[in-house]
Amino acid sequence: MIYNFDIPRYEKVVNDAIALRPEIENAVDKVCEEGYSNLFFIGCGGTYAHTLPMKYWLDTTTSKVEAYSMIAAEFLAAGHKRFSKDSICIFATRSGNTKEIVAAAKYCKEAGARTFVYVSNDNTPVCEYADYKFYSFAEDDCLCEAIYTYLNFVVGRFLKNAGDFPEYDQFASEYQSLTGYLVKAKELYDDKCAAMAADIKDLDYHMVVGSGMLWGEAYDYAMCVLEEMQWVKAQSIHAAEFFHGLLEICEKDTSMILFYGDDETRPLMDRVMKFVKNITPHISVFDTAEVELPFSEKQFRAIVSPLVTYAITERLSCHLEKERNHPLTARRYYRQMDY
């Protein structure tokens with residue numbers, strides 16, 4: 001039994017996102033046939049954070065696919081010298097009406113660039129500016145499984161068509177059975193997260209550390225969950241940068257949340273762990289290497305590690321909500337007022 005978790009609902013959300021694969025592949029194939037100059041991943045908050053693993057994946061895999069990750073409001077304010085009508089602009093949004101996302105999609109569309117938009121609420125304002133719309137329903141607690149599935153197929157297909165991911169078809173085929181493994185991952189971490197939540201519920205400062213494919217998830221969890229949904233002070237820090245500042249304010253009552261993935265940056269996380277275990281007992285570890293997955297290649301595990309991390313950290317979020325008696329849906333300011 002997984003605490004406060006509807007398995008059939010979750011399975012439907014993830015499976016519906018996986019079912020978008022043919023649409024996504026057809027769209028990518030079409031723009032590759034037409035030609036393009038580069039990819040622009042554009043988001044804000046969590047949807048920006050989720051593009052960071054995609055940029056890391058491309059940067060460490062290919063020299064043929066040029067890509068940029070942009071915060072929507074900054075992109076609108078400053079532009080980008082490499083953006084043109086030949087760019088492919090990639091968006092994801094749950095609500096479909098986030099002001100910055102809608103404005104950025106409109107800007108890209110009007111500039112003549114082609115737009116990919118994943119949306120969890122159809123017939124919303126952003127849909128007007130989508131050349132290629134991919135819709136499947138999701139809510140906050142399962143949104144990132146849908147977004148990452150969309151992005152994994154988009155990026156994987158671009159890489160395949162560039163000749164840099166010949167294993168894509170095998171990866172995508174094995175991906176089809178991922179849903180059940182994610183449910184098992186939640187089962188594996190549920191009791192662990194209940195204990196973590198009880199341990200850190202009263203601590204007033206949390207450091208979330210990640211690297212490589214999981215840096216974006218560290219950024220997202222600190223900002224979009226701990227700060228936005230739980231109103232606690234949190235800091236995301238890249239493992240490679242931990243020793244250039246934050247180590248000096250790590251104390252015995254500091255909560256350390258460490259994200260271990262399946263990529264080449266695990267030694268950076270080991271260095272952080274070696275230090276913090278001598279400072280604080282409040283160390284919460286999420287390690288995708290512990291999770292059984294349907295993939296035959298290690299590189300496939302690395303690709304899905306952000307999605308897996310999101311799936312298991314959702315258990316901590318759920319137990320923190322209970323332990324702190326603070327609903328994850330509560331907001332004081334976000335979408336409560338004009339700013």
# chains A, B, ... in the order shown; residues from 1 in each chain; ligands from 1

$ residues_around --residues "range 20-34 of chain A" --least-positions-apart "2" --cutoff "8 Å" --atoms "only C-alpha atoms" --output "list in words"
Asp16, Ala17, Ile18, Tyr36, Tyr132, Phe134, Tyr150, Phe153, Val154, Arg157, Phe158 and Asn161 of chain A

$ write_last_selection --atoms "N, CA and C atoms" --output "PDB file, in the first residue's frame"
ATOM      1  N   ASP A  16      -0.847   7.356 -21.026  1.00  0.00           N
ATOM      2  CA  ASP A  16      -1.346   8.303 -22.033  1.00  0.00           C
ATOM      3  C   ASP A  16      -0.211   9.149 -22.605  1.00  0.00           C
ATOM      4  N   ALA A  17       0.734   9.529 -21.755  1.00  0.00           N
ATOM      5  CA  ALA A  17       1.889  10.290 -22.246  1.00  0.00           C
ATOM      6  C   ALA A  17       2.753   9.427 -23.158  1.00  0.00           C
ATOM      7  N   ILE A  18       2.982   8.188 -22.774  1.00  0.00           N
ATOM      8  CA  ILE A  18       3.773   7.281 -23.618  1.00  0.00           C
ATOM      9  C   ILE A  18       3.096   7.071 -24.969  1.00  0.00           C
ATOM     10  N   TYR A  36      16.131  22.505 -40.025  1.00  0.00           N
ATOM     11  CA  TYR A  36      16.055  23.410 -38.878  1.00  0.00           C
ATOM     12  C   TYR A  36      17.473  23.800 -38.485  1.00  0.00           C
ATOM     13  N   TYR A 132       2.772  22.079 -33.434  1.00  0.00           N
ATOM     14  CA  TYR A 132       2.599  20.674 -33.093  1.00  0.00           C
ATOM     15  C   TYR A 132       2.184  20.612 -31.626  1.00  0.00           C
ATOM     16  N   PHE A 134       0.796  18.450 -28.363  1.00  0.00           N
ATOM     17  CA  PHE A 134       0.752  17.105 -27.794  1.00  0.00           C
ATOM     18  C   PHE A 134       0.005  17.206 -26.463  1.00  0.00           C
ATOM     19  N   TYR A 150       7.414  13.164 -22.938  1.00  0.00           N
ATOM     20  CA  TYR A 150       7.367  13.989 -24.160  1.00  0.00           C
ATOM     21  C   TYR A 150       8.773  14.440 -24.564  1.00  0.00           C
ATOM     22  N   PHE A 153      11.146  11.574 -25.822  1.00  0.00           N
ATOM     23  CA  PHE A 153      10.878  11.154 -27.202  1.00  0.00           C
ATOM     24  C   PHE A 153      11.298  12.234 -28.200  1.00  0.00           C
ATOM     25  N   VAL A 154      11.059  13.498 -27.865  1.00  0.00           N
ATOM     26  CA  VAL A 154      11.463  14.590 -28.760  1.00  0.00           C
ATOM     27  C   VAL A 154      12.971  14.581 -28.962  1.00  0.00           C
ATOM     28  N   ARG A 157      14.444  11.390 -30.628  1.00  0.00           N
ATOM     29  CA  ARG A 157      14.185  11.296 -32.069  1.00  0.00           C
ATOM     30  C   ARG A 157      15.060  12.269 -32.853  1.00  0.00           C
ATOM     31  N   PHE A 158      15.253  13.479 -32.328  1.00  0.00           N
ATOM     32  CA  PHE A 158      16.173  14.411 -32.996  1.00  0.00           C
ATOM     33  C   PHE A 158      17.575  13.816 -33.059  1.00  0.00           C
ATOM     34  N   ASN A 161      17.738  11.038 -35.683  1.00  0.00           N
ATOM     35  CA  ASN A 161      17.745  11.560 -37.048  1.00  0.00           C
ATOM     36  C   ASN A 161      19.058  12.247 -37.391  1.00  0.00           C
TER      37      ASN A 161
END

$ residues_around --residues "Phe116 in chain A" --least-positions-apart "5" --cutoff "8 Å" --atoms "only C-alpha atoms" --output "number ranges by chain"
A: 88-91, 130-134

$ residues_around --residues "Leu247 in chain A" --least-positions-apart "2" --cutoff "12 Å" --atoms "only C-alpha atoms" --output "PyMOL selection string"
chain A and resi 207+209+237-245+249-252+254+256+271-280

$ closest_residue --among "A:Ala113, A:Ala92, A:Ala105, A:Ala49" --to "Ala222 in chain A" --atoms "only C-alpha atoms"
A:Ala49

$ residues_around --residues "Asp86 in chain A" --least-positions-apart "4" --cutoff "12 Å" --atoms "only C-alpha atoms" --output "VMD selection string"
chain A and resid 31 to 32 34 to 40 66 82 108 to 109 111 to 115

$ residues_around --residues "range 257-269 of chain A" --least-positions-apart "5" --cutoff "8 Å" --atoms "only C-alpha atoms" --output "VMD selection string"
chain A and resid 206 to 214 218 239 to 240 283 to 289 298 to 299 301 to 302 305 to 306 309

$ select_by_dssp --residues "range 191-254 of chain A" --states "strand (DSSP E)" --output "list in words"
Tyr205, His206, Met207, Val208, Val209, Gly210, Lys233, Ala234, Gln235, Ser236, Ile237 and His238 of chain A

$ write_last_selection --atoms "C-alpha atoms" --output "PDB file, in the first residue's frame"
ATOM      1  CA  TYR A 205      16.691  25.094   5.949  1.00  0.00           C
ATOM      2  CA  HIS A 206      17.110  22.498   3.230  1.00  0.00           C
ATOM      3  CA  MET A 207      19.914  22.085   0.691  1.00  0.00           C
ATOM      4  CA  VAL A 208      18.998  20.070  -2.407  1.00  0.00           C
ATOM      5  CA  VAL A 209      22.046  18.823  -4.299  1.00  0.00           C
ATOM      6  CA  GLY A 210      22.231  17.285  -7.757  1.00  0.00           C
ATOM      7  CA  LYS A 233      13.674  27.926   3.015  1.00  0.00           C
ATOM      8  CA  ALA A 234      15.577  25.850   0.497  1.00  0.00           C
ATOM      9  CA  GLN A 235      18.588  26.139  -1.757  1.00  0.00           C
ATOM     10  CA  SER A 236      19.391  24.135  -4.862  1.00  0.00           C
ATOM     11  CA  ILE A 237      23.082  23.612  -5.430  1.00  0.00           C
ATOM     12  CA  HIS A 238      25.073  21.820  -8.095  1.00  0.00           C
TER      13      HIS A 238
END

$ residues_around --residues "Asp164 in chain A" --least-positions-apart "3" --cutoff "7 Å" --atoms "only C-alpha atoms" --output "list in words"
Thr62, Leu159 and Lys160 of chain A

$ write_last_selection --atoms "N, CA, C and O atoms" --output "tab-separated table (two decimals), in the first residue's frame"
chain	number	residue	atom	x	y	z
A	62	THR	N	26.00	14.91	-28.55
A	62	THR	CA	26.00	15.24	-29.96
A	62	THR	C	26.75	16.53	-30.26
A	62	THR	O	26.81	17.44	-29.44
A	159	LEU	N	18.01	13.19	-31.97
A	159	LEU	CA	19.34	12.59	-31.94
A	159	LEU	C	19.44	11.42	-32.93
A	159	LEU	O	20.44	11.27	-33.64
A	160	LYS	N	18.40	10.61	-32.98
A	160	LYS	CA	18.41	9.50	-33.93
A	160	LYS	C	18.54	10.02	-35.36
A	160	LYS	O	19.35	9.51	-36.15

$ atom_distance --atom1 "CA of Pro53 in chain A" --atom2 "CA of Lys201 in chain A"
28.8 Å

$ select_by_dssp --residues "range 261-291 of chain A" --states "alpha helix (DSSP H)" --output "ChimeraX atom specification"
/A:266-276

$ residues_around --residues "Ile312 in chain A" --least-positions-apart "3" --cutoff "10 Å" --atoms "only C-alpha atoms" --output "JSON, numbers by chain"
{"A": [182, 183, 184, 185, 186, 187, 188, 189, 190, 192, 193, 286, 287, 288, 291, 307, 308, 309, 315, 316, 317]}

$ write_last_selection --atoms "N, CA and C atoms" --output "short mmCIF file (atom, residue, chain, number, x, y, z; two decimals), in the first residue's frame"
data_model
loop_
_atom_site.label_atom_id
_atom_site.label_comp_id
_atom_site.auth_asym_id
_atom_site.auth_seq_id
_atom_site.Cartn_x
_atom_site.Cartn_y
_atom_site.Cartn_z
N LEU A 182 7.77 2.43 -12.48
CA LEU A 182 7.66 3.66 -11.70
C LEU A 182 6.79 3.45 -10.47
N VAL A 183 5.73 2.67 -10.62
CA VAL A 183 4.89 2.35 -9.46
C VAL A 183 5.70 1.59 -8.42
N LYS A 184 6.51 0.63 -8.87
CA LYS A 184 7.36 -0.12 -7.95
C LYS A 184 8.39 0.78 -7.28
N ALA A 185 8.89 1.76 -8.00
CA ALA A 185 9.85 2.71 -7.43
C ALA A 185 9.20 3.51 -6.31
N LYS A 186 7.96 3.91 -6.52
CA LYS A 186 7.24 4.62 -5.46
C LYS A 186 7.03 3.72 -4.24
N GLU A 187 6.72 2.46 -4.49
CA GLU A 187 6.57 1.50 -3.39
C GLU A 187 7.89 1.37 -2.63
N LEU A 188 8.99 1.29 -3.36
CA LEU A 188 10.31 1.14 -2.75
C LEU A 188 10.64 2.32 -1.84
N TYR A 189 10.24 3.52 -2.24
CA TYR A 189 10.63 4.73 -1.52
C TYR A 189 9.58 5.26 -0.55
N ASP A 190 8.40 4.67 -0.54
CA ASP A 190 7.33 5.25 0.28
C ASP A 190 7.68 5.25 1.77
N LYS A 192 10.63 4.88 3.11
CA LYS A 192 11.83 5.70 3.28
C LYS A 192 11.46 7.18 3.37
N CYS A 193 10.55 7.59 2.52
CA CYS A 193 10.16 9.00 2.49
C CYS A 193 9.32 9.38 3.70
N PHE A 286 18.20 10.11 -2.50
CA PHE A 286 17.41 9.51 -3.57
C PHE A 286 18.39 9.03 -4.64
N ASP A 287 18.35 7.74 -4.93
CA ASP A 287 19.35 7.16 -5.83
C ASP A 287 18.65 6.31 -6.88
N THR A 288 18.70 6.75 -8.12
CA THR A 288 18.02 6.01 -9.18
C THR A 288 18.67 4.66 -9.45
N VAL A 291 16.70 1.69 -8.26
CA VAL A 291 15.38 1.45 -8.86
C VAL A 291 15.50 0.50 -10.04
N LEU A 307 13.15 11.70 -14.60
CA LEU A 307 11.77 11.26 -14.44
C LEU A 307 11.64 10.36 -13.20
N VAL A 308 12.57 9.42 -13.05
CA VAL A 308 12.53 8.51 -11.90
C VAL A 308 12.70 9.30 -10.60
N THR A 309 13.60 10.26 -10.60
CA THR A 309 13.81 11.07 -9.40
C THR A 309 12.55 11.84 -9.04
N ARG A 315 6.98 11.12 -3.33
CA ARG A 315 6.63 10.46 -2.08
C ARG A 315 7.05 11.30 -0.87
N LEU A 316 8.22 11.93 -0.94
CA LEU A 316 8.64 12.81 0.15
C LEU A 316 7.69 14.01 0.23
N SER A 317 7.33 14.57 -0.89
CA SER A 317 6.40 15.71 -0.90
C SER A 317 5.09 15.34 -0.22
#

$ atom_distance --atom1 "CA of His282 in chain A" --atom2 "CA of Gln230 in chain A"
18.0 Å

$ atom_distance --atom1 "CA of Ala198 in chain A" --atom2 "CA of Asn4 in chain A"
16.3 Å

$ closest_residue --among "A:Gly43, A:Ala172, A:Ala78, A:Val65" --to "Ile101 in chain A" --atoms "only C-alpha atoms"
A:Gly43

$ closest_residue --among "A:Cys318, A:Ile42, A:Met70, A:Val14" --to "Val102 in chain A" --atoms "only C-alpha atoms"
A:Ile42

$ decode --residues "range 320-333 of chain A" --atoms "N, CA, C and O atoms" --output "PDB file, in the first residue's frame"
ATOM      1  N   LEU A 320       5.631  14.965   3.507  1.00  0.00           N
ATOM      2  CA  LEU A 320       5.841  16.275   4.131  1.00  0.00           C
ATOM      3  C   LEU A 320       4.520  17.008   4.309  1.00  0.00           C
ATOM      4  O   LEU A 320       4.300  17.677   5.325  1.00  0.00           O
ATOM      5  N   GLU A 321       3.653  16.902   3.320  1.00  0.00           N
ATOM      6  CA  GLU A 321       2.328  17.511   3.423  1.00  0.00           C
ATOM      7  C   GLU A 321       1.619  17.011   4.680  1.00  0.00           C
ATOM      8  O   GLU A 321       1.031  17.791   5.439  1.00  0.00           O
ATOM      9  N   LYS A 322       1.704  15.706   4.916  1.00  0.00           N
ATOM     10  CA  LYS A 322       1.060  15.109   6.087  1.00  0.00           C
ATOM     11  C   LYS A 322       1.753  15.537   7.375  1.00  0.00           C
ATOM     12  O   LYS A 322       1.098  15.994   8.323  1.00  0.00           O
ATOM     13  N   GLU A 323       3.073  15.405   7.440  1.00  0.00           N
ATOM     14  CA  GLU A 323       3.821  15.676   8.668  1.00  0.00           C
ATOM     15  C   GLU A 323       3.739  17.150   9.069  1.00  0.00           C
ATOM     16  O   GLU A 323       3.682  17.478  10.264  1.00  0.00           O
ATOM     17  N   ARG A 324       3.721  18.035   8.086  1.00  0.00           N
ATOM     18  CA  ARG A 324       3.729  19.465   8.370  1.00  0.00           C
ATOM     19  C   ARG A 324       2.318  20.058   8.371  1.00  0.00           C
ATOM     20  O   ARG A 324       2.155  21.247   8.608  1.00  0.00           O
ATOM     21  N   ASN A 325       1.345  19.224   8.033  1.00  0.00           N
ATOM     22  CA  ASN A 325      -0.041  19.701   7.956  1.00  0.00           C
ATOM     23  C   ASN A 325      -0.131  20.938   7.071  1.00  0.00           C
ATOM     24  O   ASN A 325      -0.770  21.935   7.406  1.00  0.00           O
ATOM     25  N   HIS A 326       0.526  20.839   5.923  1.00  0.00           N
ATOM     26  CA  HIS A 326       0.589  21.968   4.995  1.00  0.00           C
ATOM     27  C   HIS A 326       0.270  21.435   3.592  1.00  0.00           C
ATOM     28  O   HIS A 326       1.103  20.787   2.962  1.00  0.00           O
ATOM     29  N   PRO A 327      -0.921  21.707   3.070  1.00  0.00           N
ATOM     30  CA  PRO A 327      -1.309  21.177   1.753  1.00  0.00           C
ATOM     31  C   PRO A 327      -0.356  21.623   0.649  1.00  0.00           C
ATOM     32  O   PRO A 327       0.070  22.790   0.608  1.00  0.00           O
ATOM     33  N   LEU A 328      -0.045  20.710  -0.241  1.00  0.00           N
ATOM     34  CA  LEU A 328       0.829  21.038  -1.365  1.00  0.00           C
ATOM     35  C   LEU A 328       0.180  22.029  -2.327  1.00  0.00           C
ATOM     36  O   LEU A 328       0.873  22.648  -3.143  1.00  0.00           O
ATOM     37  N   THR A 329      -1.114  22.186  -2.222  1.00  0.00           N
ATOM     38  CA  THR A 329      -1.843  23.098  -3.115  1.00  0.00           C
ATOM     39  C   THR A 329      -1.955  24.520  -2.566  1.00  0.00           C
ATOM     40  O   THR A 329      -2.447  25.411  -3.266  1.00  0.00           O
ATOM     41  N   ALA A 330      -1.532  24.747  -1.327  1.00  0.00           N
ATOM     42  CA  ALA A 330      -1.689  26.072  -0.711  1.00  0.00           C
ATOM     43  C   ALA A 330      -0.726  27.082  -1.339  1.00  0.00           C
ATOM     44  O   ALA A 330       0.445  26.800  -1.542  1.00  0.00           O
ATOM     45  N   ARG A 331      -1.242  28.283  -1.639  1.00  0.00           N
ATOM     46  CA  ARG A 331      -0.420  29.373  -2.158  1.00  0.00           C
ATOM     47  C   ARG A 331      -0.850  30.674  -1.480  1.00  0.00           C
ATOM     48  O   ARG A 331      -2.051  30.919  -1.306  1.00  0.00           O
ATOM     49  N   ARG A 332       0.119  31.498  -1.145  1.00  0.00           N
ATOM     50  CA  ARG A 332      -0.195  32.833  -0.625  1.00  0.00           C
ATOM     51  C   ARG A 332      -0.255  33.854  -1.736  1.00  0.00           C
ATOM     52  O   ARG A 332      -1.105  34.745  -1.721  1.00  0.00           O
ATOM     53  N   TYR A 333       0.642  33.737  -2.704  1.00  0.00           N
ATOM     54  CA  TYR A 333       0.802  34.774  -3.725  1.00  0.00           C
ATOM     55  C   TYR A 333       0.653  34.256  -5.160  1.00  0.00           C
ATOM     56  O   TYR A 333       0.063  34.940  -5.999  1.00  0.00           O
TER      57      TYR A 333
END
